[in-house]
$ cat run16.txt   # compact mmCIF, C-alpha atoms
# COMPACT_ATOMS: atom_id res chain seq x y z
CA MET A 1 37.33 73.25 245.16
CA ASN A 2 40.91 73.19 243.89
CA SER A 3 41.66 76.61 242.39
CA LYS A 4 43.40 74.97 239.42
CA LEU A 5 40.11 73.35 238.40
CA GLN A 6 38.63 76.79 238.01
CA SER A 7 41.62 78.39 236.35
CA LEU A 8 42.24 75.54 233.89
CA TYR A 9 38.69 74.57 233.00
CA GLY A 10 36.38 77.27 234.36
CA LEU A 11 34.53 74.78 236.56
CA LYS A 12 32.03 76.12 239.10
CA PHE A 13 32.41 72.98 241.22
CA HIS A 14 33.99 69.54 240.99
CA PRO A 15 31.44 67.62 238.89
CA PHE A 16 32.50 64.11 239.89
CA ARG A 17 32.50 64.30 243.70
CA PRO A 18 29.60 63.17 245.94
CA ASP A 19 29.13 66.64 247.44
CA ILE A 20 28.05 68.47 244.29
CA PRO A 21 25.12 70.89 244.81
CA VAL A 22 21.73 69.18 244.90
CA GLU A 23 20.42 71.42 242.13
CA ALA A 24 23.23 70.14 239.88
CA LEU A 25 22.43 66.44 240.31
CA TYR A 26 21.37 64.45 237.28
CA THR A 27 17.76 63.27 237.58
CA PRO A 28 16.83 60.27 235.41
CA PRO A 29 13.20 60.26 234.19
CA ALA A 30 12.23 57.31 236.42
CA VAL A 31 13.55 59.11 239.50
CA ASP A 32 11.76 62.33 238.58
CA ALA A 33 8.46 60.46 238.20
CA PHE A 34 8.97 58.81 241.61
CA LEU A 35 9.68 62.17 243.26
CA ARG A 36 6.44 63.58 241.88
CA ARG A 37 4.46 60.58 243.13
CA VAL A 38 5.88 60.95 246.64
CA GLU A 39 5.18 64.68 246.64
CA LEU A 40 1.57 64.10 245.62
CA GLY A 41 1.10 61.58 248.43
CA ILE A 42 2.72 63.62 251.19
CA ALA A 43 -0.68 64.60 252.62
CA ASP A 44 -1.56 60.96 253.34
CA GLY A 45 1.74 59.76 254.78
CA GLY A 46 2.69 56.11 254.75
CA TYR A 47 5.79 54.30 253.54
CA VAL A 48 7.85 54.58 250.36
CA MET A 49 11.02 52.71 249.47
CA ILE A 50 14.09 53.25 247.29
CA THR A 51 16.19 50.17 246.56
CA GLY A 52 19.04 49.21 244.28
CA ASP A 53 22.56 47.87 244.18
CA PRO A 54 25.45 50.08 245.35
CA GLY A 55 26.23 52.81 242.84
CA THR A 56 22.86 52.82 241.08
CA GLY A 57 21.82 56.21 242.48
CA LYS A 58 19.98 55.64 245.79
CA SER A 59 21.79 58.42 247.66
CA VAL A 60 21.24 60.84 244.77
CA ALA A 61 17.52 60.01 244.68
CA LEU A 62 17.30 60.51 248.44
CA ARG A 63 19.08 63.89 248.24
CA LEU A 64 16.75 65.01 245.47
CA LEU A 65 13.70 63.89 247.44
CA HIS A 66 14.92 65.64 250.59
CA LYS A 67 15.42 68.89 248.68
CA ARG A 68 12.06 68.62 246.96
CA LEU A 69 10.07 67.90 250.11
CA GLU A 70 11.94 70.44 252.21
CA SER A 71 10.96 73.16 249.75
CA LEU A 72 7.26 72.45 250.29
CA ARG A 73 5.39 74.72 252.64
CA ASP A 74 5.03 73.47 256.24
CA VAL A 75 6.75 70.12 255.54
CA ILE A 76 9.22 68.99 258.21
CA VAL A 77 11.89 66.58 256.99
CA GLY A 78 14.08 64.61 259.40
CA THR A 79 16.95 62.30 258.43
CA VAL A 80 18.03 59.38 260.58
CA GLU A 81 21.82 59.48 260.92
CA HIS A 82 22.31 56.18 262.73
CA PRO A 83 19.94 53.47 261.47
CA GLN A 84 21.72 50.80 263.56
CA SER A 85 20.47 52.34 266.84
CA ARG A 86 18.68 50.29 269.44
CA THR A 87 15.07 51.21 270.13
CA MET A 88 15.63 53.75 272.93
CA ASP A 89 18.41 55.51 271.05
CA PHE A 90 16.14 55.58 268.00
CA TYR A 91 13.52 57.35 270.13
CA ARG A 92 16.12 59.87 271.26
CA GLU A 93 17.08 60.58 267.66
CA LEU A 94 13.42 61.08 266.71
CA GLY A 95 13.09 63.45 269.63
CA ASP A 96 16.03 65.51 268.39
CA LEU A 97 14.74 65.55 264.82
CA PHE A 98 11.23 66.69 265.70
CA GLY A 99 11.95 68.89 268.70
CA VAL A 100 10.41 66.64 271.35
CA PRO A 101 12.25 66.38 274.71
CA LEU A 102 12.33 62.75 275.78
CA GLN A 103 13.21 61.27 279.15
CA ALA A 104 15.64 58.38 279.29
CA HIS A 105 14.14 54.93 279.84
CA ASN A 106 10.57 56.22 279.41
CA ARG A 107 9.55 54.76 276.07
CA TRP A 108 5.84 55.13 276.76
CA GLY A 109 6.28 58.82 277.48
CA GLY A 110 8.31 59.25 274.31
CA PHE A 111 5.71 57.31 272.35
CA LYS A 112 2.92 59.65 273.46
CA ALA A 113 4.99 62.82 273.06
CA LEU A 114 6.08 62.07 269.51
CA ARG A 115 2.58 61.10 268.39
CA ALA A 116 1.15 64.26 269.96
CA ARG A 117 3.80 66.36 268.15
CA TRP A 118 3.01 64.78 264.79
CA THR A 119 -0.76 64.97 265.33
CA ASP A 120 -0.57 68.69 266.15
CA HIS A 121 1.56 69.30 263.06
CA ILE A 122 -0.97 67.51 260.84
CA SER A 123 -3.88 69.43 262.36
CA ASN A 124 -2.15 72.78 261.83
CA THR A 125 -0.65 72.22 258.38
CA LEU A 126 -2.52 69.28 256.76
CA THR A 127 0.86 67.76 255.87
CA ARG A 128 2.72 64.80 257.32
CA PRO A 129 6.20 65.10 258.79
CA VAL A 130 8.75 63.14 256.73
CA LEU A 131 11.35 60.71 258.06
CA LEU A 132 14.19 59.62 255.77
CA ILE A 133 16.15 56.48 256.67
CA ASP A 134 19.18 55.77 254.48
CA GLU A 135 20.96 52.40 254.70
CA ALA A 136 17.71 51.10 256.13
CA GLN A 137 18.83 47.48 255.69
CA GLU A 138 21.02 48.10 258.77
CA ALA A 139 18.08 48.94 261.07
CA LEU A 140 17.11 46.46 263.78
CA SER A 141 13.87 44.56 263.34
CA THR A 142 12.70 45.82 266.73
CA VAL A 143 13.16 49.40 265.52
CA PHE A 144 11.17 48.74 262.34
CA THR A 145 8.35 47.22 264.39
CA GLU A 146 8.38 50.10 266.87
CA LEU A 147 8.28 52.64 264.03
CA ARG A 148 5.33 50.90 262.39
CA VAL A 149 3.29 51.04 265.59
CA LEU A 150 4.50 54.52 266.50
CA ALA A 151 3.44 56.09 263.19
CA SER A 152 0.03 54.39 263.02
CA LYS A 153 -3.14 55.71 264.63
CA GLU A 154 -6.84 54.89 264.91
CA LEU A 155 -6.47 51.17 264.26
CA ASP A 156 -4.08 51.72 261.37
CA THR A 157 -6.47 53.99 259.45
CA ARG A 158 -4.23 57.08 259.80
CA GLN A 159 -0.51 57.46 259.25
CA LEU A 160 1.26 60.17 261.25
CA LEU A 161 4.44 60.13 259.16
CA CYS A 162 5.69 59.76 255.64
CA VAL A 163 8.60 57.33 256.02
CA VAL A 164 11.13 56.91 253.23
CA LEU A 165 13.28 53.77 253.45
CA SER A 166 16.37 53.52 251.26
CA GLY A 167 18.63 50.49 251.03
CA ASP A 168 20.06 47.68 248.96
CA GLY A 169 18.60 44.29 248.14
CA ARG A 170 18.93 43.12 251.73
CA LEU A 171 16.18 45.59 252.71
CA VAL A 172 13.79 44.02 250.22
CA GLU A 173 14.52 40.54 251.53
CA ARG A 174 14.12 41.59 255.16
CA LEU A 175 10.73 43.17 254.51
CA ARG A 176 9.56 39.86 253.03
CA SER A 177 10.34 37.99 256.25
CA PRO A 178 7.38 36.98 258.47
CA GLU A 179 8.69 39.27 261.23
CA LEU A 180 8.67 42.41 259.05
CA LEU A 181 5.97 41.56 256.52
CA PRO A 182 3.46 43.83 258.35
CA LEU A 183 5.76 46.73 257.49
CA GLY A 184 6.68 45.49 254.01
CA SER A 185 3.02 45.18 253.05
CA ARG A 186 2.54 48.87 253.85
CA ILE A 187 5.00 50.17 251.24
CA ARG A 188 2.89 52.34 248.95
CA ARG A 189 5.42 53.58 246.43
CA ARG A 190 8.62 51.92 245.31
CA LEU A 191 11.60 52.98 243.25
CA LEU A 192 13.82 50.11 242.10
CA LEU A 193 17.02 51.49 240.62
CA GLU A 194 18.56 49.27 237.95
CA TYR A 195 22.01 49.51 236.42
CA ALA A 196 22.12 52.43 234.02
CA SER A 197 22.17 52.07 230.26
CA ARG A 198 25.01 53.48 228.17
CA ASP A 199 22.79 56.35 227.05
CA GLU A 200 21.87 57.18 230.66
CA LEU A 201 25.53 57.28 231.67
CA LEU A 202 26.33 59.57 228.74
CA ALA A 203 23.38 61.81 229.61
CA CYS A 204 24.67 62.02 233.20
CA LEU A 205 28.15 63.05 232.05
CA ASP A 206 26.78 65.64 229.64
CA HIS A 207 24.52 67.08 232.33
CA LEU A 208 27.25 67.34 234.97
CA LEU A 209 29.74 68.98 232.62
CA GLU A 210 27.10 71.43 231.41
CA VAL A 211 25.95 72.57 234.86
CA ALA A 212 29.55 72.67 236.14
CA GLY A 213 30.36 75.18 233.41
CA SER A 214 32.65 73.19 231.11
CA PRO A 215 30.64 71.15 228.57
CA THR A 216 33.71 70.57 226.36
CA LEU A 217 35.96 69.34 229.17
CA MET A 218 35.89 65.79 227.75
CA THR A 219 36.04 64.60 224.18
CA THR A 220 33.07 62.70 222.81
CA GLU A 221 35.27 59.62 222.42
CA LEU A 222 36.36 59.73 226.06
CA LYS A 223 32.80 60.03 227.32
CA ALA A 224 31.85 56.99 225.25
CA THR A 225 34.83 55.07 226.65
CA LEU A 226 33.88 55.92 230.23
CA ALA A 227 30.28 54.87 229.65
CA ASP A 228 31.46 51.57 228.17
CA HIS A 229 33.72 50.80 231.15
CA ALA A 230 31.42 51.88 233.99
CA ALA A 231 29.41 48.63 234.01
CA GLY A 232 26.15 50.58 234.26
CA ASN A 233 27.23 51.98 237.63
CA TYR A 234 27.09 55.73 238.27
CA ARG A 235 29.60 55.50 241.12
CA ILE A 236 32.17 53.72 238.97
CA LEU A 237 31.59 56.33 236.27
CA MET A 238 32.23 59.16 238.72
CA ASN A 239 35.33 57.49 240.16
CA LEU A 240 36.84 56.99 236.71
CA ALA A 241 36.09 60.57 235.70
CA ASP A 242 37.43 61.91 239.00
CA GLU A 243 40.74 60.10 238.54
CA LEU A 244 41.06 61.43 234.99
CA LEU A 245 40.33 64.99 236.06
CA THR A 246 42.84 64.77 238.92
CA MET A 247 45.57 63.64 236.55
CA ALA A 248 44.60 66.24 233.94
CA VAL A 249 44.98 68.99 236.54
CA ASP A 250 48.35 67.61 237.63
CA ARG A 251 49.56 67.61 234.02
CA GLU A 252 47.78 70.89 233.21
CA LEU A 253 46.15 69.37 230.15
CA PRO A 254 43.76 71.57 228.18
CA ARG A 255 41.21 68.77 227.74
CA LEU A 256 40.53 65.20 228.81
CA ASP A 257 40.77 62.64 226.01
CA GLU A 258 41.21 58.93 225.34
CA LYS A 259 45.00 59.21 225.40
CA LEU A 260 44.80 60.24 229.05
CA TYR A 261 42.48 57.32 229.74
CA LEU A 262 44.92 54.86 228.19
CA ASP A 263 47.83 56.40 230.08
CA ILE A 264 46.05 55.87 233.40
CA PHE A 265 43.88 52.80 232.94
CA GLY A 266 45.36 51.06 229.91
CA GLN A 267 47.02 47.69 230.39
CA PRO A 268 50.83 47.97 230.45
CA PRO A 269 52.62 45.99 227.73
CA ARG A 270 53.77 42.55 228.72
CA PRO A 271 57.56 42.24 229.19
CA LYS A 272 59.30 40.28 226.49
CA ALA A 273 60.69 36.91 227.44
CA THR A 274 64.47 37.01 227.74
CA GLY A 275 65.19 33.36 228.37
CA LYS A 276 65.97 30.93 225.56
CA ARG A 277 63.51 28.24 224.70
CA ARG A 278 64.59 24.72 225.40
$ encode --input "run16.txt" --output "C-alpha cells"
Amino acid sequence: MNSKLQSLYGLKFHPFRPDIPVEALYTPPAVDAFLRRVELGIADGGYVMITGDPGTGKSVALRLLHKRLESLRDVIVGTVEHPQSRTMDFYRELGDLFGVPLQAHNRWGGFKALRARWTDHISNTLTRPVLLIDEAQEALSTVFTELRVLASKELDTRQLLCVVLSGDGRLVERLRSPELLPLGSRIRRRLLLEYASRDELLACLDHLLEVAGSPTLMTTELKATLADHAAGNYRILMNLADELLTMAVDRELPRLDEKLYLDIFGQPPRPKATGKRR
C-alpha cells in the first residue's frame, strides 16, 4: 500500500482495490445466507451456482465462500485457474489440485485415480472435497459433461464433490441447453446477484471505510453521490472511489468531498460561441 495513504488517512489497507483482505469484504445479507446454506450441505456434495452481471459481486462471494469452506475441518478446496481447458488439460489441473499424479493421454486412469482419491477422503473425513470454478461460462461443454460423470457414483446416488460454478448470464443459458441440461438440473443451491440498491452501496462504503481504519475519510454527501452514480454496480462504485482517493493523495487533501468529485468527474463548462449570428 502507498505509504501516503497511511500517513494521510491512517488506512490499514487500500479499501477500494480488488485485493483487500477477505475478512474485510462486505457481505450482503443474501450472500451470507447463501454461504451458510452451502456450508450446511457440504457433507452431501453436489452443485451450487453463483450468477450475476459483471460488477454485482460474484468474485467477492466466491472469495468469501472459499475462505469459509477452507476454515472447516478436513475440507479440501481446489480452484480451477483455467476454465477454458480442454478435457485432458482439465484432468491434469484436477490432478494438481487434489494431489493425484496423472499420466498423459490416459483419461480412464485419471478418472479412476481421482474418484479413488475423493472416495478415500469422504470415508476418512465424512466431508466432500470442494471444486470452485470461476468464469464457468467459459468452460467447454465436453468438460462440463466429463465433470458431471466424474463426480457421480453408484448410479448418480452419491456425489463425490461439491462443485461451485460462478459466472454471468451466459452460464445460466448454457445450462438450459439440451446438451447441458443434465448438469443444470443438478444445481441444488443458487445465488443470483442483482444490481445493488442505493442503501446496499452506502452500507458497503461505510463497512470498507470502517474496517480500513478511516470511517470519516469521505463526507456523507460524497458517499451519497457515489452511490447515486454507481448504477447499482459495486465495481463501478469501487472504481469511482479509487480514482477519488488517488487524486486526494496526490493533492494531499485532508478529506474526500463533493468538490473533489466535481473537479474530477464533473462536466466541463461548454465554450462560449465566438462567431456572430447571421
$ closest_residue --input "run16.txt" --among "A:Gly10, A:Pro21, A:Pro182, A:Pro54" --to "Lys67 (chain A)" --atoms "only C-alpha atoms"
A:Pro21
$ atom_distance --input "run16.txt" --atom1 "CA of Leu11 (chain A)" --atom2 "CA of Ala212 (chain A)"
5.4 Å
$ residues_around --input "run16.txt" --residues "region 221-237 of chain A" --least-positions-apart "4" --cutoff "9 Å" --atoms "all atoms listed in the file" --output "PDB file with C-alpha atoms, keeping the file's coordinate frame"
ATOM      1  CA  PHE A  16      32.500  64.110 239.890  1.00  0.00           C
ATOM      2  CA  PRO A  54      25.450  50.080 245.350  1.00  0.00           C
ATOM      3  CA  GLY A  55      26.230  52.810 242.840  1.00  0.00           C
ATOM      4  CA  THR A  56      22.860  52.820 241.080  1.00  0.00           C
ATOM      5  CA  GLY A  57      21.820  56.210 242.480  1.00  0.00           C
ATOM      6  CA  GLU A 194      18.560  49.270 237.950  1.00  0.00           C
ATOM      7  CA  TYR A 195      22.010  49.510 236.420  1.00  0.00           C
ATOM      8  CA  ALA A 196      22.120  52.430 234.020  1.00  0.00           C
ATOM      9  CA  SER A 197      22.170  52.070 230.260  1.00  0.00           C
ATOM     10  CA  ARG A 198      25.010  53.480 228.170  1.00  0.00           C
ATOM     11  CA  ASP A 199      22.790  56.350 227.050  1.00  0.00           C
ATOM     12  CA  GLU A 200      21.870  57.180 230.660  1.00  0.00           C
ATOM     13  CA  LEU A 201      25.530  57.280 231.670  1.00  0.00           C
ATOM     14  CA  LEU A 202      26.330  59.570 228.740  1.00  0.00           C
ATOM     15  CA  CYS A 204      24.670  62.020 233.200  1.00  0.00           C
ATOM     16  CA  LEU A 205      28.150  63.050 232.050  1.00  0.00           C
ATOM     17  CA  ASP A 206      26.780  65.640 229.640  1.00  0.00           C
ATOM     18  CA  ALA A 241      36.090  60.570 235.700  1.00  0.00           C
ATOM     19  CA  ASP A 242      37.430  61.910 239.000  1.00  0.00           C
ATOM     20  CA  LEU A 256      40.530  65.200 228.810  1.00  0.00           C
ATOM     21  CA  ASP A 257      40.770  62.640 226.010  1.00  0.00           C
ATOM     22  CA  GLU A 258      41.210  58.930 225.340  1.00  0.00           C
ATOM     23  CA  LYS A 259      45.000  59.210 225.400  1.00  0.00           C
ATOM     24  CA  LEU A 260      44.800  60.240 229.050  1.00  0.00           C
ATOM     25  CA  TYR A 261      42.480  57.320 229.740  1.00  0.00           C
TER      26      TYR A 261
END
$ closest_residue --input "run16.txt" --among "A:Ile122, A:Met247, A:Leu183, A:Leu69" --to "Thr142 (chain A)" --atoms "only C-alpha atoms"
A:Leu183
$ closest_residue --input "run16.txt" --among "A:Leu150, A:Leu262, A:Met238, A:Leu40" --to "Thr119 (chain A)" --atoms "all atoms listed in the file"
A:Leu150
$ residues_around --input "run16.txt" --residues "Gly109 (chain A)" --least-positions-apart "5" --cutoff "12 Å" --atoms "only C-alpha atoms" --output "list in words"
Met88, Tyr91, Arg92, Gly95, Val100, Pro101, Leu102, Gln103, Ala104, Leu114, Arg115, Ala116 and Leu150 of chain A
